[in-house]
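Structure below is work.cif: mmCIF, C-alpha atoms.
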data_entry
#
loop_
_atom_site.label_atom_id
_atom_site.label_comp_id
_atom_site.auth_asym_id
_atom_site.auth_seq_id
_atom_site.Cartn_x
_atom_site.Cartn_y
_atom_site.Cartn_z
CA MET A 7 -21.75 18.42 26.75
CA SER A 8 -24.98 18.82 24.79
CA THR A 9 -26.94 15.86 23.46
CA THR A 10 -26.09 16.91 19.88
CA VAL A 11 -22.36 16.97 20.60
CA GLN A 12 -22.56 13.64 22.41
CA HIS A 13 -24.34 12.07 19.44
CA ALA A 14 -21.76 13.44 16.99
CA THR A 15 -18.90 12.15 19.16
CA LEU A 16 -20.50 8.71 19.42
CA ARG A 17 -20.97 8.55 15.62
CA LEU A 18 -17.35 9.52 15.03
CA ASN A 19 -16.04 7.01 17.56
CA THR A 20 -18.17 4.30 15.97
CA ALA A 21 -16.90 5.27 12.52
CA TYR A 22 -13.30 4.95 13.63
CA SER A 23 -14.10 1.58 15.21
CA VAL A 24 -15.40 0.37 11.83
CA CYS A 25 -12.19 1.54 10.14
CA ARG A 26 -9.97 -0.12 12.75
CA HIS A 27 -11.84 -3.38 12.20
CA ILE A 28 -11.29 -3.17 8.44
CA ALA A 29 -7.59 -2.40 8.90
CA ARG A 30 -7.12 -5.14 11.49
CA SER A 31 -8.83 -7.69 9.25
CA SER A 32 -7.08 -6.81 5.98
CA ALA A 33 -3.81 -4.96 6.62
CA LYS A 34 -1.86 -8.06 7.60
CA ASN A 35 1.53 -6.31 7.61
CA PHE A 36 0.92 -2.59 8.03
CA TYR A 37 -1.45 -2.96 10.98
CA TYR A 38 1.42 -3.99 13.25
CA GLY A 39 2.93 -0.57 12.64
CA PHE A 40 -0.42 1.11 13.32
CA LEU A 41 -0.34 -0.28 16.86
CA LEU A 42 2.79 1.72 17.66
CA LEU A 43 1.12 5.06 16.95
CA PRO A 44 -0.73 7.32 19.36
CA ALA A 45 -4.48 6.60 19.22
CA ARG A 46 -5.34 9.69 17.13
CA LYS A 47 -2.79 8.83 14.44
CA ARG A 48 -3.71 5.14 14.54
CA ASN A 49 -7.33 6.03 13.93
CA ALA A 50 -6.37 8.27 11.02
CA LEU A 51 -4.28 5.60 9.31
CA SER A 52 -7.10 3.10 9.80
CA ALA A 53 -9.52 5.52 8.12
CA VAL A 54 -7.16 5.96 5.15
CA TYR A 55 -6.70 2.20 4.86
CA ALA A 56 -10.47 1.55 4.98
CA PHE A 57 -10.97 4.13 2.22
CA MET A 58 -8.28 2.43 0.09
CA ARG A 59 -9.74 -1.01 0.79
CA HIS A 60 -13.16 0.05 -0.45
CA ALA A 61 -11.69 1.51 -3.64
CA ASP A 62 -9.58 -1.60 -4.19
CA ASP A 63 -12.63 -3.85 -3.78
CA LEU A 64 -14.49 -1.81 -6.39
CA SER A 65 -11.63 -2.08 -8.87
CA ASP A 66 -11.48 -5.88 -8.46
CA ASP A 67 -15.22 -6.61 -8.34
CA PRO A 68 -15.74 -9.60 -10.69
CA GLY A 69 -19.45 -8.88 -10.88
CA MET A 70 -18.92 -5.70 -12.90
CA THR A 71 -17.50 -4.98 -16.32
CA PRO A 72 -14.34 -2.83 -16.50
CA ALA A 73 -16.44 0.16 -17.57
CA GLU A 74 -18.76 -0.34 -14.60
CA ARG A 75 -15.80 -0.60 -12.21
CA ARG A 76 -14.36 2.68 -13.50
CA GLN A 77 -17.76 4.33 -13.14
CA LYS A 78 -18.14 3.07 -9.58
CA LEU A 79 -14.66 4.37 -8.68
CA ALA A 80 -15.53 7.80 -10.09
CA GLU A 81 -18.80 7.83 -8.13
CA PHE A 82 -16.93 6.74 -4.99
CA VAL A 83 -14.56 9.71 -5.20
CA GLU A 84 -17.38 12.11 -6.01
CA SER A 85 -19.42 10.84 -3.05
CA TYR A 86 -16.52 11.42 -0.71
CA ARG A 87 -15.89 14.88 -2.17
CA ARG A 88 -19.53 15.79 -1.53
CA SER A 89 -19.31 14.56 2.06
CA LEU A 90 -16.25 16.76 2.54
CA GLU A 91 -17.99 19.81 1.11
CA THR A 92 -21.33 19.36 2.87
CA GLY A 93 -20.10 17.89 6.15
CA SER A 94 -22.83 15.28 5.90
CA THR A 95 -22.51 11.53 5.31
CA ASP A 96 -23.94 8.24 6.52
CA ASP A 97 -20.82 6.33 5.46
CA PRO A 98 -18.65 5.56 8.53
CA VAL A 99 -15.46 5.39 6.46
CA PHE A 100 -16.17 8.79 4.88
CA LEU A 101 -17.02 10.24 8.30
CA ALA A 102 -13.76 9.05 9.85
CA LEU A 103 -11.61 9.98 6.86
CA ARG A 104 -13.09 13.47 6.64
CA ASP A 105 -12.28 14.05 10.30
CA SER A 106 -8.70 12.82 9.81
CA GLN A 107 -8.18 14.66 6.55
CA LEU A 108 -9.14 17.96 8.13
CA HIS A 109 -7.12 17.31 11.28
CA TYR A 110 -3.92 16.33 9.46
CA ASN A 111 -4.35 18.57 6.41
CA ILE A 112 -4.22 15.69 3.92
CA PRO A 113 -4.55 17.11 0.38
CA MET A 114 -7.63 15.90 -1.49
CA GLU A 115 -5.38 15.41 -4.52
CA LEU A 116 -3.55 12.59 -2.73
CA LEU A 117 -6.80 10.78 -1.91
CA GLU A 118 -7.90 11.11 -5.53
CA LEU A 119 -4.56 9.66 -6.65
CA LEU A 120 -5.08 6.72 -4.28
CA VAL A 121 -8.32 5.83 -6.01
CA ALA A 122 -6.79 6.44 -9.44
CA GLY A 123 -4.05 3.98 -8.49
CA THR A 124 -6.54 1.22 -7.71
CA GLY A 125 -8.15 1.90 -11.06
CA MET A 126 -4.90 1.30 -12.96
CA ASP A 127 -5.50 -2.45 -12.74
CA VAL A 128 -8.92 -2.11 -14.41
CA ARG A 129 -8.34 -3.04 -18.05
CA ASP A 130 -10.81 -3.46 -20.87
CA GLU A 131 -11.80 -7.03 -21.63
CA SER A 132 -9.67 -8.76 -24.25
CA PRO A 133 -11.30 -9.74 -27.57
CA GLU A 134 -10.80 -13.42 -26.71
CA GLY A 135 -12.60 -12.98 -23.41
CA GLY A 136 -11.16 -13.33 -19.94
CA GLU A 137 -8.68 -11.06 -18.25
CA PRO A 138 -6.60 -8.81 -20.49
CA LEU A 139 -2.85 -8.96 -20.10
CA VAL A 140 -1.40 -6.27 -17.86
CA VAL A 141 2.27 -5.63 -18.57
CA TYR A 142 4.54 -2.60 -18.23
CA PRO A 143 7.08 -2.08 -21.05
CA THR A 144 9.77 -0.30 -19.01
CA PHE A 145 10.68 0.34 -15.41
CA ASP A 146 9.67 3.97 -15.85
CA ASP A 147 6.18 2.76 -16.75
CA LEU A 148 6.13 0.47 -13.72
CA TYR A 149 7.41 3.31 -11.50
CA ALA A 150 4.37 5.40 -12.45
CA TYR A 151 2.10 2.53 -11.38
CA CYS A 152 4.01 1.99 -8.11
CA TYR A 153 3.84 5.71 -7.41
CA HIS A 154 0.05 5.71 -7.62
CA VAL A 155 -0.58 2.54 -5.60
CA ALA A 156 2.20 2.84 -3.00
CA SER A 157 4.14 6.12 -2.98
CA VAL A 158 0.94 8.14 -2.64
CA VAL A 159 0.09 6.03 0.41
CA GLY A 160 3.45 7.01 1.88
CA LEU A 161 2.78 10.69 1.19
CA VAL A 162 -0.56 10.43 2.99
CA CYS A 163 1.08 8.60 5.88
CA ILE A 164 3.71 11.25 6.51
CA HIS A 165 0.99 13.88 6.79
CA ILE A 166 -0.40 11.78 9.64
CA PHE A 167 3.04 10.94 11.07
CA GLY A 168 4.04 14.60 11.04
CA TYR A 169 7.02 16.18 9.25
CA ARG A 170 8.51 19.60 8.53
CA ASP A 171 11.38 19.00 6.12
CA PRO A 172 10.05 18.79 2.51
CA ALA A 173 12.75 16.20 1.78
CA ALA A 174 10.54 13.73 3.64
CA GLU A 175 8.20 13.71 0.65
CA GLN A 176 10.87 12.45 -1.74
CA TYR A 177 11.93 9.72 0.69
CA ALA A 178 8.33 8.67 1.33
CA GLU A 179 7.84 8.34 -2.43
CA GLN A 180 10.95 6.17 -2.77
CA LEU A 181 10.01 3.99 0.20
CA GLY A 182 6.62 3.38 -1.36
CA ILE A 183 8.39 2.10 -4.48
CA ALA A 184 10.44 -0.27 -2.31
CA PHE A 185 7.32 -1.66 -0.63
CA GLN A 186 5.53 -2.20 -3.93
CA LEU A 187 8.53 -3.87 -5.57
CA THR A 188 8.59 -6.25 -2.61
CA ASN A 189 4.92 -7.04 -3.18
CA ILE A 190 5.61 -7.62 -6.87
CA LEU A 191 8.42 -10.08 -6.13
CA ARG A 192 6.33 -11.95 -3.56
CA ASP A 193 3.27 -12.20 -5.82
CA VAL A 194 4.86 -12.99 -9.21
CA LYS A 195 3.08 -16.34 -9.52
CA GLU A 196 -0.38 -15.20 -8.38
CA ASP A 197 -0.29 -12.04 -10.47
CA ALA A 198 0.81 -13.87 -13.62
CA GLN A 199 -1.99 -16.37 -13.20
CA MET A 200 -4.42 -13.40 -13.22
CA ALA A 201 -2.74 -12.07 -16.39
CA ARG A 202 -1.02 -9.30 -14.44
CA VAL A 203 2.73 -8.98 -14.94
CA TYR A 204 4.52 -6.30 -12.95
CA LEU A 205 8.03 -7.24 -14.00
CA PRO A 206 8.93 -4.78 -16.78
CA GLN A 207 8.91 -6.19 -20.30
CA GLU A 208 12.41 -4.86 -20.88
CA ASP A 209 13.68 -6.92 -17.94
CA LEU A 210 11.85 -10.07 -19.06
CA GLN A 211 13.55 -9.75 -22.44
CA ARG A 212 16.93 -9.05 -20.85
CA PHE A 213 16.78 -12.27 -18.84
CA GLY A 214 15.03 -14.35 -21.49
CA VAL A 215 11.81 -15.00 -19.56
CA THR A 216 8.39 -14.90 -21.25
CA VAL A 217 5.08 -13.82 -19.76
CA GLU A 218 3.67 -17.30 -20.43
CA GLU A 219 6.47 -18.90 -18.41
CA LEU A 220 5.72 -16.70 -15.41
CA GLY A 221 2.20 -18.07 -15.16
CA ALA A 222 3.07 -21.68 -15.95
CA GLY A 223 6.07 -21.92 -13.64
CA VAL A 224 9.38 -20.95 -15.17
CA PRO A 225 12.39 -23.08 -14.09
CA MET A 226 14.02 -21.41 -11.11
CA ASP A 227 17.47 -21.41 -12.67
CA LYS A 228 16.04 -19.22 -15.41
CA LEU A 229 13.86 -17.05 -13.18
CA ARG A 230 16.30 -16.47 -10.32
CA PRO A 231 18.57 -13.90 -12.04
CA LEU A 232 15.52 -11.84 -13.04
CA LEU A 233 14.13 -11.80 -9.49
CA ALA A 234 17.56 -11.08 -8.01
CA PHE A 235 17.81 -8.06 -10.29
CA GLN A 236 14.43 -6.79 -9.07
CA ALA A 237 15.38 -7.42 -5.44
CA GLU A 238 18.53 -5.35 -5.83
CA ARG A 239 16.42 -2.57 -7.30
CA ALA A 240 14.11 -2.73 -4.28
CA ARG A 241 17.13 -2.62 -1.94
CA HIS A 242 18.17 0.65 -3.56
CA PHE A 243 14.81 2.22 -2.81
CA TYR A 244 14.79 0.92 0.78
CA LEU A 245 17.75 3.23 1.46
CA ALA A 246 15.17 6.01 1.65
CA ALA A 247 13.85 4.54 4.92
CA ASP A 248 16.98 5.50 6.85
CA ARG A 249 16.76 9.05 5.50
CA LEU A 250 13.02 9.39 6.12
CA LEU A 251 12.92 8.09 9.69
CA PRO A 252 14.61 11.07 11.42
CA LEU A 253 12.49 13.55 9.45
CA ILE A 254 9.13 12.51 10.89
CA ASP A 255 7.69 13.18 14.33
CA GLU A 256 9.47 11.17 17.03
CA ARG A 257 6.20 9.66 18.25
CA SER A 258 5.62 8.19 14.79
CA GLN A 259 9.12 6.85 14.20
CA PRO A 260 8.59 3.43 15.88
CA ALA A 261 5.56 2.78 13.63
CA LEU A 262 7.44 3.59 10.44
CA TRP A 263 10.42 1.57 11.66
CA ALA A 264 8.20 -1.49 12.23
CA MET A 265 6.56 -1.20 8.80
CA VAL A 266 9.96 -1.05 7.14
CA GLU A 267 11.29 -3.97 9.20
CA ILE A 268 8.34 -6.16 8.24
CA TYR A 269 8.48 -5.36 4.54
CA ARG A 270 12.26 -5.52 4.32
CA GLY A 271 11.99 -8.78 6.25
CA ILE A 272 9.77 -10.19 3.49
CA LEU A 273 12.43 -9.24 0.93
CA ASP A 274 15.08 -10.88 3.13
CA ARG A 275 12.97 -14.03 3.28
CA ILE A 276 12.58 -14.12 -0.51
CA GLU A 277 16.35 -13.96 -0.85
CA GLN A 278 16.84 -16.60 1.86
CA LYS A 279 14.56 -18.91 -0.14
CA ASN A 280 16.79 -18.32 -3.16
CA PHE A 281 13.91 -16.48 -4.85
CA ASP A 282 11.57 -19.49 -4.86
CA VAL A 283 8.28 -17.58 -4.78
CA TYR A 284 6.39 -20.40 -6.50
CA THR A 285 6.43 -23.24 -3.97
CA GLU A 286 4.61 -21.24 -1.32
CA ARG A 287 3.72 -17.64 -0.54
CA VAL A 288 6.63 -15.93 1.19
CA ARG A 289 5.66 -14.18 4.41
CA LEU A 290 6.75 -13.48 7.95
CA THR A 291 4.97 -15.47 10.63
CA ALA A 292 2.74 -13.76 13.17
CA GLY A 293 5.37 -14.55 15.79
CA GLU A 294 8.09 -12.82 13.78
CA LYS A 295 5.93 -9.76 13.30
CA LEU A 296 5.09 -9.70 17.01
CA LYS A 297 8.82 -9.68 17.81
CA ILE A 298 9.23 -6.66 15.55
CA LEU A 299 6.24 -5.05 17.27
CA ALA A 300 7.81 -5.68 20.69
CA ARG A 301 11.06 -4.06 19.56
CA GLY A 302 9.03 -1.15 18.23
CA PHE A 303 7.34 -0.69 21.61
CA GLY A 304 10.82 -0.61 23.13
CA LYS A 305 11.79 2.21 20.80
CA ARG A 306 8.57 4.02 21.63
CA LEU A 307 9.34 3.94 25.34
CA LEU A 308 12.91 5.23 25.00
#

Could the structure of this file be written out as structure tokens, please?
Amino acid sequence: MSTTVQHATLRLNTAYSVCRHIARSSAKNFYYGFLLLPARKRNALSAVYAFMRHADDLSDDPGMTPAERRQKLAEFVESYRRSLETGSTDDPVFLALRDSQLHYNIPMELLELLVAGTGMDVRDESPEGGEPLVVYPTFDDLYAYCYHVASVVGLVCIHIFGYRDPAAEQYAEQLGIAFQLTNILRDVKEDAQMARVYLPQEDLQRFGVTVEELGAGVPMDKLRPLLAFQAERARHFYLAADRLLPLIDERSQPALWAMVEIYRGILDRIEQKNFDVYTERVRLTAGEKLKILARGFGKRLL
């Protein structure tokens, strides 16, 4: 192996190491599923996650105005596109993602949609100052948001997992909706306090709950029917998991299974707590996630 090739290999390995560190530090739920993948696929998912994390950090940067955040996101995408075209970059995340994108034939359109999804939370400042209210009038409006921030992730993932049946794309989209609805239920309090409301306005009106009550702490007897309705909606979309699993490469199935078990487990926990998402953040413990991981390893060895 020539010195040039050795240097390129070392740079790429280092780049993937950076991405794995970012994923391990930030992807508190999904990273358990990453561990069940073959090394090449695990590296690729880590690169995608690190790319998403960077975009998400730009969209939430409190040191920039909304206009500056949008500009930075546009420059971020353009910088990556140039690295893809020229084959040259000093950014370890770009280096690793480019390698994975080419290896797994991930469409550039999906990566652009990922960044566009992070930008959907960037709203112009309100006239009164402070954070503007983010609210979605209907579930169709919310679905479009969930598609960008979660379903697109699923579509990228199945390129890495491996699939042949085009039906996998529809199921990956639906599963992404299920994951994001679970996040929305879990984070109702925190989101509302940041003036972000992801429960559709039509549902708030149906159950007689106001946006102001969500942030202040609506009485549980009033809130519970609304959250139960959203949970049932999420359950419907989780049905896609059982249809998607057999359509992806067998070596990737344990990873997807673990991701679904963890996220569906969070939804189960919310229901077990009778939808009290205000007293404390609902989550699975590390021990519970490790048990799921162990079961996933068992499936991998079968």

Please identify all polymer residues within 8 Å of range 261-263 of chain A, counting all atoms listed in the file, omitting same-chain residues fewer than 5 positions from it, and present them as a list in words.
Tyr38, Gly39, Phe40, Leu41, Leu42, Leu43, Leu251 and Gly302 of chain A

Based on the selection just made, write C-alpha atoms of those residues as a compact mmCIF listing (two decimals), keeping the file's coordinate frame.
# COMPACT_ATOMS: atom_id res chain seq x y z
CA TYR A 38 1.42 -3.99 13.25
CA GLY A 39 2.93 -0.57 12.64
CA PHE A 40 -0.42 1.11 13.32
CA LEU A 41 -0.34 -0.28 16.86
CA LEU A 42 2.79 1.72 17.66
CA LEU A 43 1.12 5.06 16.95
CA LEU A 251 12.92 8.09 9.69
CA GLY A 302 9.03 -1.15 18.23

Mind giving me the straight-line distance from CA of Tyr269 in chain A to CA of Arg26 in chain A in Å, one decimal?
20.9 Å

Give me the result of the PyMOL selection byres ((chain A and resi 185) around 9) on this file, residue by residue, as a list in words.
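Applying the PyMOL selection byres ((chain A and resi 185) around 9) to the structure shown produces Cys152, Ala156, Ser157, Gln180, Leu181, Gly182, Ile183, Ala184, Gln186, Leu187, Thr188, Asn189, Ile190, Ala240, Phe243, Tyr244, Val266, Tyr269 and Arg270 of chain A.
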
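Residues in contact range of His109 in chain A, defined as at most 10 Å between only C-alpha atoms, with sequence neighbours fewer than 6 positions away removed, read Arg46, Ala50, Leu103, His165 and Ile166 of chain A.
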
Could those residues be written to a file, using C-alpha atoms, as a PDB file, in the coordinates of the input?
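Output (result-v6.pdb):
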ATOM      1  CA  ARG A  46      -5.340   9.690  17.130  1.00  0.00           C
ATOM      2  CA  ALA A  50      -6.370   8.270  11.020  1.00  0.00           C
ATOM      3  CA  LEU A 103     -11.610   9.980   6.860  1.00  0.00           C
ATOM      4  CA  HIS A 165       0.990  13.880   6.790  1.00  0.00           C
ATOM      5  CA  ILE A 166      -0.400  11.780   9.640  1.00  0.00           C
TER       6      ILE A 166
END

If the PyMOL selection byres ((chain A and resi 291) around 12) were run on this exact file, what residues would it hold? Put them as a PyMOL selection string.
chain A and resi 34-35+268+271-272+275+287-290+292-298

Excluding Ile164 in chain A and residues on its chain fewer than 6 positions from it, collect all residues at most 10 Å away from it, counting all atoms listed in the file, and give them as number ranges by chain.
A: 110, 112, 170, 174-175, 178, 250, 253-255, 258, 262

Name every residue that the PyMOL selection byres ((chain A and resi 121) around 8) selects in this structure, writing the answer as a PyMOL selection string with chains first and numbers rising.
chain A and resi 58+61-62+79+83+117-120+122-125

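When CA of Leu108 in chain A is paired with CA of Tyr177 in chain A, their separation reads 23.8 Å.
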